[in-house]
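> Below are the structure tokens for one structure; questions will follow.
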Amino acid sequence: MRKFSDDFIFGTACASYQCEGGWNEDGKGLNIWDVFSHTPGKVANGDTGDVACDVYHRYAEDNDLIAGLGVDVHRLSLSWARILPEGTGAVNAAGLAYYDRVVDDLIAKGVKPWITLYHWDLPQALQMKGGWLNRDIVDAFAEYARVVGEHFKGRVDCYMTINEPQCINILGYGNGIHAPGWKLTNADIARVYHNIALAHSAAQDALKAIDGSAQVGVVTTGRLCCPIDPAYEAAAYAKSFDLSENDFNLNGFSHSIFMDLLFFGGYEESAASYLKEASASMPKADWERMRKPDFIGLNVYNGAYTDKDGNILPDPAGRPRTHIGWPITPEVLYYGPRHLYKRYGLPIIITENGLSCNDRVFLDGKVHDPLRIDFLTRYLSELHRTIEDGTPVKGYLHWSLLDNLEWNDGYGQRFGIVYVDFQSLERTPKDSYYWYKDLVKTRTLQG
Ligand code: GCO
């Protein structure tokens, strides 16, 4: 019987720009996704986060849905520009008041709010000064962290500083499919990773100075390899963290390109020259400022299958894929946490996992999503197996509670266990909502 322990944490996750709406309400400043989505051609169908799921006004209804699952926590991100409209300086009391309402309502309903400080929606005012390429961002992020930490002390005890440095950098500053849409050089990409690592570290120090008992993590994503034969695991592990390709388009989307800065004070000798040169050019004192998090947040959706030499195998014809086209590779929830723990030695929370399906409301008024239930059964079986084999995975937060704005893909990719009609904004729990509710209650995987 595959039973998760009584202290295993189940939760849900979402992000400010993807679900809140209220893009210009109550003093909120512009952020880079407001600008990007309002730029023709950047987001599918011209979709924007102006309204999104309108969580800004409907948070109480959504918190009821969250509490109805019986989950321990809900992971939400704060819109930096809602709190500090210019990124630094004047605090917008109405912005903090909104998050007070959300946080206090979650707590009143028995759900712990876990806060992601930054989930990609940088204040435009900071972007105008160079964004994450400008080292000044480090102090700005620490200031933001102090404002948040002081305001929520006693109500929030778990933070994630930054969500997916890899997407922030490679998608936003590398190939430009995400905001701000920049296309930087290898050297600048390496500098951005360094600044994000410093920013995480400064924010962690700020939060810990306010509340030493708060748990502070960082959320990473990237290449994870699954051996097609367990005998090939060492080669898969090596491939997952290999940074030798001398181009961010080849090695930029990796865990090690960011996490090694926090954990090892720089890159291994085998890393690409553009990475090592950037690190060598940084002030030596930077490496004393880097901070290992208390836990690793792992966002994981799929992995790559590798052979005895660690070569990534081509996709077999007709392999099953999710609606967004990602491969279905359950073993990544066995090997991914296992290999991250082997490399970095910290407890892991799965801070995102899920899939997009081509969901719709059926004639019976329900949303039947058997693909999602099958996917979750397979993936969580692998997660259970890796825990049994000794990897300290402490929780699983499903991405996502609600169908929401899937960034440049717009609203056509439905990741929620709750269906959202984006015209009426009506919520309809999917079959997977009730499946997840039962899993949380019994902690036992069926099927
Ligand atoms: C990510 C982001 C989420 C995405 C989700 C589906 O991991 O890319 O954290 O905002 O919406 O992962 O792509």
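We label chains A, B, ... in the order they appear in the structure tokens, count residues from 1 in each chain, and number ligands from 1 in the order shown.
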Step by step, measure atom-to-atom distances between ligand 1 and each residue using only C-alpha atoms and all ligand atoms, keep those at most 9 Å, then write them as a ChimeraX atom specification.

/A:14-15,17-18,119-120,163-164,167,219-221,299-301,324,351-356,399-400,404-407,413,415

> Could the residues in this selection be written to a file with C-alpha atoms, as a PDB file, in the first residue's frame?


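Result file part-v4.pdb:
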```
ATOM      1  CA  CYS A  14      -0.412  29.350  -7.891  1.00  0.00           C
ATOM      2  CA  ALA A  15       1.319  32.609  -8.801  1.00  0.00           C
ATOM      3  CA  TYR A  17       0.445  37.270 -12.315  1.00  0.00           C
ATOM      4  CA  GLN A  18      -1.109  34.012 -13.479  1.00  0.00           C
ATOM      5  CA  HIS A 119       7.340  34.518  -9.388  1.00  0.00           C
ATOM      6  CA  TRP A 120       8.516  36.477 -12.438  1.00  0.00           C
ATOM      7  CA  ASN A 163      10.739  30.819  -8.404  1.00  0.00           C
ATOM      8  CA  GLU A 164      12.812  29.192 -11.097  1.00  0.00           C
ATOM      9  CA  CYS A 167      12.982  30.451 -16.444  1.00  0.00           C
ATOM     10  CA  VAL A 219      12.595  27.006  -6.145  1.00  0.00           C
ATOM     11  CA  THR A 220      14.620  25.432  -8.900  1.00  0.00           C
ATOM     12  CA  THR A 221      13.772  23.680 -12.150  1.00  0.00           C
ATOM     13  CA  ASN A 299       9.331  22.256  -9.797  1.00  0.00           C
ATOM     14  CA  VAL A 300       9.279  19.149 -11.943  1.00  0.00           C
ATOM     15  CA  TYR A 301       7.064  18.079 -14.818  1.00  0.00           C
ATOM     16  CA  ILE A 324       1.112  21.531 -23.878  1.00  0.00           C
ATOM     17  CA  THR A 351       6.664  22.913  -5.126  1.00  0.00           C
ATOM     18  CA  GLU A 352       5.109  22.252  -8.527  1.00  0.00           C
ATOM     19  CA  ASN A 353       4.000  19.207 -10.479  1.00  0.00           C
ATOM     20  CA  GLY A 354       1.001  18.698 -12.712  1.00  0.00           C
ATOM     21  CA  LEU A 355      -0.021  18.863 -16.346  1.00  0.00           C
ATOM     22  CA  SER A 356      -2.162  20.766 -18.777  1.00  0.00           C
ATOM     23  CA  TRP A 399       0.370  22.900  -9.840  1.00  0.00           C
ATOM     24  CA  SER A 400      -2.170  24.268  -9.955  1.00  0.00           C
ATOM     25  CA  ASN A 404      -4.666  30.147 -15.040  1.00  0.00           C
ATOM     26  CA  LEU A 405      -2.536  32.200 -17.447  1.00  0.00           C
ATOM     27  CA  GLU A 406       0.202  29.905 -18.710  1.00  0.00           C
ATOM     28  CA  TRP A 407       2.493  32.847 -19.494  1.00  0.00           C
ATOM     29  CA  GLN A 413      -3.240  25.434 -21.220  1.00  0.00           C
ATOM     30  CA  PHE A 415      -3.197  23.088 -15.373  1.00  0.00           C
TER      31      PHE A 415
END
```

> Ile137 of chain A: which residues within 9 Å, counting only C-alpha atoms, same-chain residues fewer than 6 positions away excluded, as a CSV table (one decimal) with all heavy atoms, in the first residue's frame?


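Writing the result to result26.csv gives the following:
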```csv
chain,number,residue,atom,x,y,z
A,126,LEU,N,12.0,48.7,-12.0
A,126,LEU,CA,13.4,48.0,-11.8
A,126,LEU,C,13.9,47.5,-13.1
A,126,LEU,O,15.1,47.5,-13.4
A,126,LEU,CB,13.3,46.9,-10.8
A,126,LEU,CG,12.9,47.4,-9.3
A,126,LEU,CD1,12.8,46.2,-8.4
A,126,LEU,CD2,14.0,48.3,-8.8
A,129,LYS,N,15.8,49.9,-15.1
A,129,LYS,CA,17.2,50.1,-14.6
A,129,LYS,C,18.1,48.9,-14.9
A,129,LYS,O,19.2,48.8,-14.3
A,129,LYS,CB,17.2,50.4,-13.1
A,129,LYS,CG,16.4,51.6,-12.7
A,129,LYS,CD,16.3,51.7,-11.2
A,129,LYS,CE,15.3,52.8,-10.8
A,129,LYS,NZ,15.1,52.8,-9.3
A,130,GLY,N,17.5,47.9,-15.7
A,130,GLY,CA,18.4,46.8,-16.1
A,130,GLY,C,17.9,45.5,-15.4
A,130,GLY,O,18.5,44.4,-15.7
A,131,GLY,N,16.9,45.5,-14.6
A,131,GLY,CA,16.3,44.3,-14.1
A,131,GLY,C,17.4,43.4,-13.4
A,131,GLY,O,18.2,43.9,-12.6
A,195,ASN,N,23.6,37.4,-10.1
A,195,ASN,CA,22.8,38.4,-9.4
A,195,ASN,C,21.6,37.8,-8.7
A,195,ASN,O,21.2,38.2,-7.6
A,195,ASN,CB,22.3,39.5,-10.3
A,195,ASN,CG,23.5,40.4,-10.8
A,195,ASN,OD1,24.5,40.4,-10.2
A,195,ASN,ND2,23.2,41.1,-11.9
A,196,ILE,N,20.9,36.8,-9.4
A,196,ILE,CA,19.8,36.1,-8.8
A,196,ILE,C,20.2,35.4,-7.5
A,196,ILE,O,19.5,35.4,-6.5
A,196,ILE,CB,19.1,35.2,-9.8
A,196,ILE,CG1,18.5,36.0,-10.9
A,196,ILE,CG2,17.9,34.4,-9.1
A,196,ILE,CD1,17.9,35.2,-12.0
A,199,ALA,N,20.7,37.8,-4.8
A,199,ALA,CA,19.4,38.4,-4.4
A,199,ALA,C,18.7,37.4,-3.5
A,199,ALA,O,18.2,37.7,-2.4
A,199,ALA,CB,18.6,38.7,-5.6
```

> Please identify all polymer residues within 10 Å of Asp421 of chain A, counting only C-alpha atoms, omitting same-chain residues fewer than 4 positions from it, and present them as number ranges by chain.

A: 53, 360-361, 403, 425-428

> With distances taken over only C-alpha atoms, which of A:His255, A:Lys42, A:Arg135, A:Lys153 is nearest to Arg191 of chain A?

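Of all the options, A:Arg135 lies closest to Arg191 of chain A.
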
> When DSSP works through the backbone of this structure, what residues of segment 30-266 of chain A end up as strand (DSSP E or B), shown as a list of chain:residue names?

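Written out, the strand (DSSP E or B) residues of segment 30-266 of chain A are A:Asn31, A:Val73, A:His74, A:Arg75, A:Leu76, A:Ser77, A:Lys112, A:Pro113, A:Trp114, A:Ile115, A:Thr116, A:Leu117, A:Tyr118, A:Pro123, A:Cys158, A:Tyr159, A:Met160, A:Thr161, A:Ile162, A:Asn163, A:Gln215, A:Val216, A:Gly217, A:Val218, A:Val219, A:Thr220, A:Cys225, A:Cys226, A:Pro227.
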
> Using only C-alpha atoms, which of A:Asp34, A:Asp157, A:Asp105, A:Glu382 sits nearest Ile66 of chain A?

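For Ile66 of chain A, the nearest of the given residues is A:Asp105.
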
> Show which residues sit within 12 Å of Ala44 of chain A, as a PyMOL selection string. Count only C-alpha atoms, and ignore same-chain residues fewer than 6 positions away.

chain A and resi 36-38+177-178+405-413

> Please identify which residues in segment 247-356 of chain A DSSP calls alpha helix (DSSP H) from the backbone, and express them as a ChimeraX atom specification.

/A:248-251,256-263,273-281,286-289,332-344

> Can you work out the spacing between atom CA of Trp326 of chain A and atom CA of Tyr419 of chain A in Å, to one decimal?

20.3 Å

> Considering only C-alpha atoms, return as a list in words whatever protein or nucleic-acid residues lie within 9 Å of Ile312 of chain A, sequence-local ones (same chain, fewer than 5 positions apart) excluded.

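The residues that qualify are Cys225, Ala236, Lys239, Ala304, Tyr305, Thr306 and Asp307 of chain A.
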
> Got time to write the residues from that selection, C-alpha atoms, as a short mmCIF file (atom, residue, chain, number, x, y, z; two decimals), in the first residue's frame?


```cif
data_model
loop_
_atom_site.label_atom_id
_atom_site.label_comp_id
_atom_site.auth_asym_id
_atom_site.auth_seq_id
_atom_site.Cartn_x
_atom_site.Cartn_y
_atom_site.Cartn_z
CA CYS A 225 17.69 12.59 -16.39
CA ALA A 236 22.04 9.92 -15.70
CA LYS A 239 24.16 14.30 -17.31
CA ALA A 304 14.88 12.97 -20.11
CA TYR A 305 15.60 9.27 -20.50
CA THR A 306 19.29 8.44 -20.79
CA ASP A 307 21.34 5.42 -21.85
#
```

> When you count only C-alpha atoms, which of these residues is closest to Lys208 of chain A: A:Ala60, A:Leu224, A:Cys158, A:Ala179?

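Of all the options, A:Cys158 lies closest to Lys208 of chain A.
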
> Within 9 Å of Glu150 of chain A, counting only C-alpha atoms, which residues show up once you throw out same-chain ones fewer than 2 positions away? Write them as a list in words, please.

Ala145, Arg146, Val147, Val148, Phe152, Lys153, Leu207, Ile210 and Asp211 of chain A

> Keeping all heavy atoms, export the residues of the selection given above as a PDB file, in the first residue's frame.


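Once written, out.pdb looks like this:
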```pdb
ATOM      1  N   ALA A 145      12.036  41.959   0.562  1.00  0.00           N
ATOM      2  CA  ALA A 145      11.936  40.838   1.507  1.00  0.00           C
ATOM      3  C   ALA A 145      11.740  41.344   2.935  1.00  0.00           C
ATOM      4  O   ALA A 145      10.949  40.775   3.706  1.00  0.00           O
ATOM      5  CB  ALA A 145      13.185  39.971   1.426  1.00  0.00           C
ATOM      6  N   ARG A 146      12.425  42.422   3.301  1.00  0.00           N
ATOM      7  CA  ARG A 146      12.277  42.984   4.650  1.00  0.00           C
ATOM      8  C   ARG A 146      10.856  43.481   4.881  1.00  0.00           C
ATOM      9  O   ARG A 146      10.242  43.216   5.913  1.00  0.00           O
ATOM     10  CB  ARG A 146      13.270  44.141   4.858  1.00  0.00           C
ATOM     11  CG  ARG A 146      14.608  43.705   5.418  1.00  0.00           C
ATOM     12  CD  ARG A 146      15.453  44.892   5.897  1.00  0.00           C
ATOM     13  NE  ARG A 146      15.734  45.827   4.804  1.00  0.00           N
ATOM     14  CZ  ARG A 146      16.707  45.642   3.903  1.00  0.00           C
ATOM     15  NH1 ARG A 146      17.447  44.537   3.949  1.00  0.00           N
ATOM     16  NH2 ARG A 146      16.940  46.525   2.944  1.00  0.00           N
ATOM     17  N   VAL A 147      10.314  44.200   3.873  1.00  0.00           N
ATOM     18  CA  VAL A 147       8.939  44.715   3.995  1.00  0.00           C
ATOM     19  C   VAL A 147       7.975  43.555   4.215  1.00  0.00           C
ATOM     20  O   VAL A 147       7.134  43.583   5.127  1.00  0.00           O
ATOM     21  CB  VAL A 147       8.544  45.509   2.727  1.00  0.00           C
ATOM     22  CG1 VAL A 147       7.048  45.813   2.711  1.00  0.00           C
ATOM     23  CG2 VAL A 147       9.367  46.795   2.636  1.00  0.00           C
ATOM     24  N   VAL A 148       8.133  42.508   3.424  1.00  0.00           N
ATOM     25  CA  VAL A 148       7.228  41.348   3.524  1.00  0.00           C
ATOM     26  C   VAL A 148       7.445  40.615   4.843  1.00  0.00           C
ATOM     27  O   VAL A 148       6.498  40.312   5.573  1.00  0.00           O
ATOM     28  CB  VAL A 148       7.436  40.404   2.332  1.00  0.00           C
ATOM     29  CG1 VAL A 148       6.676  39.086   2.528  1.00  0.00           C
ATOM     30  CG2 VAL A 148       6.996  41.074   1.027  1.00  0.00           C
ATOM     31  N   PHE A 152       4.477  40.156   7.688  1.00  0.00           N
ATOM     32  CA  PHE A 152       3.786  38.870   7.886  1.00  0.00           C
ATOM     33  C   PHE A 152       4.378  38.035   9.019  1.00  0.00           C
ATOM     34  O   PHE A 152       3.974  36.888   9.217  1.00  0.00           O
ATOM     35  CB  PHE A 152       3.769  38.083   6.579  1.00  0.00           C
ATOM     36  CG  PHE A 152       2.894  38.705   5.522  1.00  0.00           C
ATOM     37  CD1 PHE A 152       3.445  39.408   4.459  1.00  0.00           C
ATOM     38  CD2 PHE A 152       1.505  38.643   5.624  1.00  0.00           C
ATOM     39  CE1 PHE A 152       2.646  40.016   3.503  1.00  0.00           C
ATOM     40  CE2 PHE A 152       0.692  39.240   4.673  1.00  0.00           C
ATOM     41  CZ  PHE A 152       1.261  39.930   3.618  1.00  0.00           C
ATOM     42  N   LYS A 153       5.320  38.611   9.768  1.00  0.00           N
ATOM     43  CA  LYS A 153       5.910  37.868  10.886  1.00  0.00           C
ATOM     44  C   LYS A 153       4.819  37.383  11.844  1.00  0.00           C
ATOM     45  O   LYS A 153       3.926  38.140  12.201  1.00  0.00           O
ATOM     46  CB  LYS A 153       6.902  38.749  11.648  1.00  0.00           C
ATOM     47  CG  LYS A 153       7.600  37.990  12.776  1.00  0.00           C
ATOM     48  CD  LYS A 153       8.635  38.844  13.482  1.00  0.00           C
ATOM     49  CE  LYS A 153       9.303  38.063  14.627  1.00  0.00           C
ATOM     50  NZ  LYS A 153      10.325  38.886  15.331  1.00  0.00           N
ATOM     51  N   LEU A 207      15.010  37.849   5.755  1.00  0.00           N
ATOM     52  CA  LEU A 207      13.881  37.132   6.362  1.00  0.00           C
ATOM     53  C   LEU A 207      14.300  36.481   7.682  1.00  0.00           C
ATOM     54  O   LEU A 207      13.573  36.510   8.675  1.00  0.00           O
ATOM     55  CB  LEU A 207      13.355  36.079   5.392  1.00  0.00           C
ATOM     56  CG  LEU A 207      12.647  36.623   4.142  1.00  0.00           C
ATOM     57  CD1 LEU A 207      12.425  35.498   3.124  1.00  0.00           C
ATOM     58  CD2 LEU A 207      11.319  37.288   4.516  1.00  0.00           C
ATOM     59  N   ILE A 210      14.567  38.810  10.624  1.00  0.00           N
ATOM     60  CA  ILE A 210      13.257  39.191  11.174  1.00  0.00           C
ATOM     61  C   ILE A 210      12.654  38.061  11.975  1.00  0.00           C
ATOM     62  O   ILE A 210      12.090  38.255  13.061  1.00  0.00           O
ATOM     63  CB  ILE A 210      12.321  39.618  10.014  1.00  0.00           C
ATOM     64  CG1 ILE A 210      12.830  40.902   9.364  1.00  0.00           C
ATOM     65  CG2 ILE A 210      10.875  39.753  10.487  1.00  0.00           C
ATOM     66  CD1 ILE A 210      12.261  41.165   7.988  1.00  0.00           C
ATOM     67  N   ASP A 211      12.776  36.849  11.439  1.00  0.00           N
ATOM     68  CA  ASP A 211      12.206  35.680  12.121  1.00  0.00           C
ATOM     69  C   ASP A 211      13.131  34.489  11.921  1.00  0.00           C
ATOM     70  O   ASP A 211      13.069  33.815  10.890  1.00  0.00           O
ATOM     71  CB  ASP A 211      10.804  35.392  11.559  1.00  0.00           C
ATOM     72  CG  ASP A 211      10.145  34.185  12.215  1.00  0.00           C
ATOM     73  OD1 ASP A 211      10.810  33.542  13.076  1.00  0.00           O
ATOM     74  OD2 ASP A 211       9.000  33.865  11.854  1.00  0.00           O
TER      75      ASP A 211
END
```

> Find the spatial neighbours of Leu122 of chain A, counting only C-alpha atoms, within a cut-off of 8 Å - ignore same-chain residues fewer than 2 positions away - and output them as an mmCIF file with C-alpha atoms, in the first residue's frame.


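Final output, saved to result01.cif:
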```
data_model
loop_
_atom_site.group_PDB
_atom_site.id
_atom_site.type_symbol
_atom_site.label_atom_id
_atom_site.label_comp_id
_atom_site.auth_asym_id
_atom_site.auth_seq_id
_atom_site.Cartn_x
_atom_site.Cartn_y
_atom_site.Cartn_z
ATOM 1 C CA ASN A 31 5.252 44.934 -13.774
ATOM 2 C CA ILE A 32 7.106 43.424 -16.691
ATOM 3 C CA TRP A 33 4.295 40.977 -17.463
ATOM 4 C CA TRP A 80 6.196 42.861 -5.853
ATOM 5 C CA ALA A 81 4.747 45.912 -7.642
ATOM 6 C CA GLY A 87 10.144 48.260 -6.715
ATOM 7 C CA TYR A 118 9.145 36.447 -6.681
ATOM 8 C CA TRP A 120 8.516 36.477 -12.438
ATOM 9 C CA GLN A 124 8.728 47.653 -14.450
ATOM 10 C CA LEU A 126 13.354 48.030 -11.802
ATOM 11 C CA GLN A 127 13.411 46.534 -15.272
ATOM 12 C CA GLY A 131 16.333 44.304 -14.064
#
```

> Could you state the separation of atom CA of Asp431 of chain A and atom CA of Asp104 of chain A in Å, given to one decimal place?

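Separation of atom CA of Asp431 of chain A and atom CA of Asp104 of chain A: 28.6 Å.
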
> What does the distance from atom CA of Val156 of chain A to atom CA of Pro113 of chain A come to in Å, to one decimal?

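Result for atom CA of Val156 of chain A versus atom CA of Pro113 of chain A: 6.3 Å, one decimal.
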
> My list of candidates is A:Tyr341, A:Tyr436, A:Phe258, A:Phe263. Which is closest to Gly68 of chain A when distances are computed with only C-alpha atoms?

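Nearest to Gly68 of chain A: A:Tyr436.
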